Amino acid sequence: MTVSPTEPHVAPDRDTRRAPGQAQLEVTGVDKTYQARRGEVHALSNVDLSIARGEFISLVGRSGCGKTTLLRILAGLLPPTSGTVTADGESIWRGGKRNDEAFEHFGLVFQDANLFPWYTVSDNISLPLKLRGVGRKERRARATELCELVGLPGFENAYPRELSGGMRQRAAIARALSYDPTILLMDEPFGALDALTRDKMNLELQSIHAQAGATVVFVTHSISEAVFLADRVVLLTPRPGRIRSITPVPLARPRSLETETSAEFQTIVRELRHELDEE
Amino acid sequence: MTHLAKSPETSAVPVDPPKAQDPDAPVNDRDNLMRWLPFLSTPVLLIILLGGWQFAVSVIGVSKFILPAPTDVARALGDLITSGTIWHDLWITLYEVLVGFLLALVVGTAVGAVLGRVLWLERALQPALVALQVIPKVAFIPIFVIWFGFGTTSKVIMAAILAFFPIMLNVMLGVRSVDRGHRDVMRGLGASKWATFTNLELKSTLPYIFAGAEVGIVFAVIGAIVGEYLGGSEGLGHLVVKSLNALDAPQLFAVIVLLSIMGSLLYAAVTLTKRLMIPWHDSVAGVSA
């Protein structure tokens with residue numbers, strides 16, 4: 001199952017979606033070192049990853065394996081020490097400066113919903129549109145549409161403090177989807193939710209992914225969640241953070257909670273868990 | 001002072017019930033009672049206070065020069081209001097408080113915002129700021145009188161200086177307390193500096209500005225009155241001193257009642273503005289789950 005990091009395998013049923021030789025997101029030789037108080041911390045070492053259009057990638061690994069660091073580099077929130085990241089062929093970092101143009105089609109969802117408490121759900125969801133100069137009426141209409149999509153109908157005028165954790169996270173997803181991103185980066189978005197809500201959110205995310213057709217990079221520490229959602233699971237190991245393996249998940253879509261009880265699903269989960277324990 | 005003390009947190013104006021209810025939120029049956037409690041408790045407290053006061057005067061027999069009866073104070077208050085000269089003094093004090101407060105609000109917000117953002121400047125000025133803060137500023141009133149005369153200017157400056165520090169310190173804290181996750185959202189969206197300021201930094205600092213302003217308005221009243229005590233020819237503070245010199249205890253008490261009412265109304269005005277400007281904030285929206 002272990003695959004050399006430099007030759008990422010793509011799930012067979014997804015191969016057709018991938019333009020030959022052209023990936024949407026290309027990570028090449030990315031290195032990240034932090035200057036910490038106790039000297040240098042090597043967070044990421046020589047990470048190569050190529051992600052196809054419409055693909056769903058899960059990044060898994062223990063705490064401190066660099067998965068969040070990798071996501072923050074992809075999101076343009078953290079510059080890599082060396083190496084390049086390109087989106088649609090355009091470099092997202094230019095000489096240590098964020099190339100904002102390359103991020104036009106990026107949507108970000110964080111571990112916390114990070115909704116602005118001073119805005120209603122509707123204004124939060126349509127904030128990216130506001131920044132792009134979309135008119136008030138159009139923003140409002142789009143927000144209503146998205147509330148419907150993520151299962152928050154009728155909550156347009158509620159303030160974030162009136163929502164539960166799961167509802168806030170849905171609103172955050174809606175915000176990320178508001179400008180039809182083609183790349184969705186998610187950092188443990190359901191980490192703070194209870195197991196039942198999490199299952200529900202995973203199913204919803206799957207259908208959103210199918211509908212929106214966006215490329216998704218999803219960070220999680222739950223192996224079963226990673227396998228359930230992904231086309232490929234990227235396993236990272238710490239000290240320094242590097243890609244240990246890339247595992248294709250050839251399970252048919254749409255997947256249901258029953259998928260998790262299938263022998264195929266459990267085999268993949270078991271192998272990944274075994275690999276994680278081997279370190 | 002009783003007026004000032006009771007108005008802050010307790011006299012909550014009932015807020016609209018949340019438009020959308022979170023099904024997971026705990027249902028709080030006591031919310032309704034809690035909302036109305038101050039409207040019941042305040043009159044009761046006032047009656048106890050006035051009753052105890054009257055009791056002390058007419059039953060225990062405290063000297064009229066030490067504690068005039070509430071009825072005498074009420075009569076003195078009536079005389080002050082009908083005589084008409086009180087309006088001039090009231091206006092003078094109000095003017096000093098308002099101008100001083102607004103000055104402190106503008107300068108305090110600006111200085112607080114700069115010091116909150118420019119770390120090296122804050123570091124460099126910190127010892128000076130701490131020194132200025134711990135100095136009993138009221139001690140400077142005679143100096144201001146020498147510099148700016150017995151008119152309103154010296155009192156305006158005193159009010160402004162007292163109100164400045166709580167506002168400046170709160171704004172500094174507010175500017176630094178912008179949530180990192182919120183910043184990530186704006187950076188992730190490639191937001192411009194101006195968009196980040198209007199959508200995030202300003203909005204998230206507003207509750208801190210109001211927290212500073214609520215303290216600041218109270219301090220401004222103190223500054224103006226103490227200024228009038230020490231070097232004034234008009235204003236309510238001066239009237240207090242005049243009543244004292246005339247050993248007119250009922251009038252002294254009456255002016256203090258007027259000052260308390262003025263202070264309460266000014267505080268209420270700031271709180272009301274806060275309610276209108278930041279209805280989303282926990283301090284306004286009530287107990288959050």
# chains A, B, ... in the order shown; residues from 1 in each chain; ligands from 1

call {"tool": "interface_residues", "arguments": {"of": "chain A", "to": "chain B", "cutoff": "6 Å", "atoms": "only C-alpha atoms", "output": "mmCIF file with N, CA and C atoms, in the first residue's frame"}}
result
data_model
loop_
_atom_site.group_PDB
_atom_site.id
_atom_site.type_symbol
_atom_site.label_atom_id
_atom_site.label_comp_id
_atom_site.auth_asym_id
_atom_site.auth_seq_id
_atom_site.Cartn_x
_atom_site.Cartn_y
_atom_site.Cartn_z
ATOM 1 N N ASP A 100 -2.038 37.071 -4.165
ATOM 2 C CA ASP A 100 -3.479 37.066 -3.898
ATOM 3 C C ASP A 100 -4.322 36.623 -5.104
ATOM 4 N N ASN A 114 -14.918 30.563 13.141
ATOM 5 C CA ASN A 114 -14.392 31.912 12.892
ATOM 6 C C ASN A 114 -15.401 32.824 12.231
ATOM 7 N N TRP A 118 -20.286 40.063 14.921
ATOM 8 C CA TRP A 118 -21.047 41.291 14.668
ATOM 9 C C TRP A 118 -21.876 41.207 13.400
ATOM 10 N N ALA A 158 -29.993 35.275 12.009
ATOM 11 C CA ALA A 158 -29.499 34.932 13.346
ATOM 12 C C ALA A 158 -28.058 35.387 13.484
ATOM 13 N N GLU A 162 -26.187 32.677 18.490
ATOM 14 C CA GLU A 162 -27.443 31.962 18.669
ATOM 15 C C GLU A 162 -27.380 30.563 18.063
ATOM 16 N N LEU A 163 -26.257 30.217 17.434
ATOM 17 C CA LEU A 163 -26.139 28.923 16.771
ATOM 18 C C LEU A 163 -25.334 27.936 17.601
#

call {"tool": "residues_around", "arguments": {"residues": "Val175 of chain B", "least_positions_apart": "6", "cutoff": "7 Å", "atoms": "only C-alpha atoms", "output": "PyMOL selection string"}}
result
chain B and resi 113+116-117+201+205

call {"tool": "residues_around", "arguments": {"residues": "Arg140 of chain A", "least_positions_apart": "2", "cutoff": "9 Å", "atoms": "only C-alpha atoms", "output": "PyMOL selection string"}}
result
chain A and resi 122-123+126+135-138+142-145+156

call {"tool": "closest_residue", "arguments": {"among": "B:Gly84, B:Pro70, B:Pro250, B:Gly212", "to": "Phe165 of chain B", "atoms": "only C-alpha atoms"}}
result
B:Gly212

call {"tool": "select_by_dssp", "arguments": {"residues": "segment 18-199 of chain A", "states": "alpha helix (DSSP H)", "output": "number ranges by chain"}}
result
A: 67-74, 121-125, 127-131, 136-149, 165-177, 195-199

call {"tool": "decode", "arguments": {"residues": "segment 161-269 of chain B", "atoms": "C-alpha atoms", "output": "short mmCIF file (atom, residue, chain, number, x, y, z; two decimals), in the first residue's frame"}}
result
data_model
loop_
_atom_site.label_atom_id
_atom_site.label_comp_id
_atom_site.auth_asym_id
_atom_site.auth_seq_id
_atom_site.Cartn_x
_atom_site.Cartn_y
_atom_site.Cartn_z
CA ILE B 161 -7.42 63.68 31.44
CA LEU B 162 -9.37 61.51 33.86
CA ALA B 163 -11.49 59.99 31.09
CA PHE B 164 -8.55 59.55 28.72
CA PHE B 165 -6.76 56.68 30.47
CA PRO B 166 -9.54 54.11 30.74
CA ILE B 167 -10.50 54.77 27.12
CA MET B 168 -6.95 54.64 25.80
CA LEU B 169 -6.07 51.47 27.73
CA ASN B 170 -9.23 49.68 26.61
CA VAL B 171 -8.72 50.59 22.97
CA MET B 172 -5.10 49.42 23.16
CA LEU B 173 -6.27 46.10 24.55
CA GLY B 174 -9.04 45.91 21.97
CA VAL B 175 -6.74 46.49 19.02
CA ARG B 176 -4.51 43.69 20.27
CA SER B 177 -7.38 41.33 20.95
CA VAL B 178 -8.48 40.92 17.35
CA ASP B 179 -9.02 37.19 17.00
CA ARG B 180 -6.26 35.39 15.09
CA GLY B 181 -8.74 33.06 13.48
CA HIS B 182 -10.70 36.07 12.24
CA ARG B 183 -7.51 37.53 10.83
CA ASP B 184 -6.85 34.25 9.02
CA VAL B 185 -10.29 34.49 7.44
CA MET B 186 -9.56 37.95 6.08
CA ARG B 187 -6.07 37.00 4.93
CA GLY B 188 -7.40 33.85 3.33
CA LEU B 189 -9.82 35.98 1.36
CA GLY B 190 -7.02 38.29 0.29
CA ALA B 191 -8.81 41.24 1.92
CA SER B 192 -7.28 44.69 1.58
CA LYS B 193 -6.04 46.60 4.62
CA TRP B 194 -9.04 48.90 4.47
CA ALA B 195 -11.53 46.01 4.18
CA THR B 196 -9.84 44.28 7.12
CA PHE B 197 -10.11 47.49 9.13
CA THR B 198 -13.80 48.14 8.45
CA ASN B 199 -15.03 44.56 8.58
CA LEU B 200 -12.83 43.21 11.34
CA GLU B 201 -10.58 45.50 13.37
CA LEU B 202 -13.02 48.35 13.94
CA LYS B 203 -15.95 46.05 14.66
CA SER B 204 -13.98 43.92 17.08
CA THR B 205 -12.56 46.98 18.89
CA LEU B 206 -15.93 48.73 19.35
CA PRO B 207 -16.88 46.78 22.51
CA TYR B 208 -13.56 47.85 24.04
CA ILE B 209 -14.13 51.48 23.08
CA PHE B 210 -17.51 51.34 24.80
CA ALA B 211 -16.08 49.61 27.86
CA GLY B 212 -13.60 52.48 28.10
CA ALA B 213 -16.28 55.09 27.43
CA GLU B 214 -18.52 53.73 30.21
CA VAL B 215 -15.75 54.23 32.72
CA GLY B 216 -14.60 57.42 31.00
CA ILE B 217 -17.91 59.25 31.30
CA VAL B 218 -18.03 58.57 35.05
CA PHE B 219 -14.45 59.82 35.42
CA ALA B 220 -15.21 62.92 33.33
CA VAL B 221 -18.00 63.86 35.74
CA ILE B 222 -15.62 63.42 38.65
CA GLY B 223 -12.96 65.51 36.92
CA ALA B 224 -15.31 68.40 36.18
CA ILE B 225 -16.81 68.48 39.69
CA VAL B 226 -13.53 68.24 41.55
CA GLY B 227 -12.21 70.97 39.26
CA GLU B 228 -15.11 73.17 40.27
CA TYR B 229 -14.59 72.37 43.95
CA LEU B 230 -11.05 73.64 43.87
CA GLY B 231 -11.11 76.58 41.55
CA GLY B 232 -14.43 77.65 40.18
CA SER B 233 -16.93 80.45 40.11
CA GLU B 234 -19.80 78.54 38.53
CA GLY B 235 -21.11 75.03 37.97
CA LEU B 236 -22.70 72.44 40.24
CA GLY B 237 -19.42 71.66 41.98
CA HIS B 238 -19.03 75.31 42.86
CA LEU B 239 -22.61 75.32 44.13
CA VAL B 240 -21.74 72.44 46.46
CA VAL B 241 -18.89 74.48 47.93
CA LYS B 242 -21.09 77.57 48.17
CA SER B 243 -23.79 75.61 50.03
CA LEU B 244 -21.16 74.24 52.37
CA ASN B 245 -19.83 77.71 53.16
CA ALA B 246 -23.37 78.90 53.85
CA LEU B 247 -23.94 75.81 56.04
CA ASP B 248 -27.00 75.18 53.92
CA ALA B 249 -27.18 71.38 54.33
CA PRO B 250 -30.51 70.85 52.48
CA GLN B 251 -29.19 72.71 49.43
CA LEU B 252 -25.90 70.80 49.62
CA PHE B 253 -27.78 67.53 49.51
CA ALA B 254 -30.05 68.81 46.75
CA VAL B 255 -27.08 69.65 44.52
CA ILE B 256 -25.58 66.23 45.17
CA VAL B 257 -28.87 64.65 44.11
CA LEU B 258 -28.76 66.72 40.92
CA LEU B 259 -25.17 65.64 40.25
CA SER B 260 -26.08 62.02 40.79
CA ILE B 261 -28.99 62.30 38.36
CA MET B 262 -26.76 64.00 35.80
CA GLY B 263 -24.08 61.33 36.16
CA SER B 264 -26.64 58.56 35.81
CA LEU B 265 -28.20 60.09 32.72
CA LEU B 266 -24.81 60.55 31.06
CA TYR B 267 -23.87 56.98 31.85
CA ALA B 268 -27.23 55.79 30.53
CA ALA B 269 -26.62 57.74 27.31
#
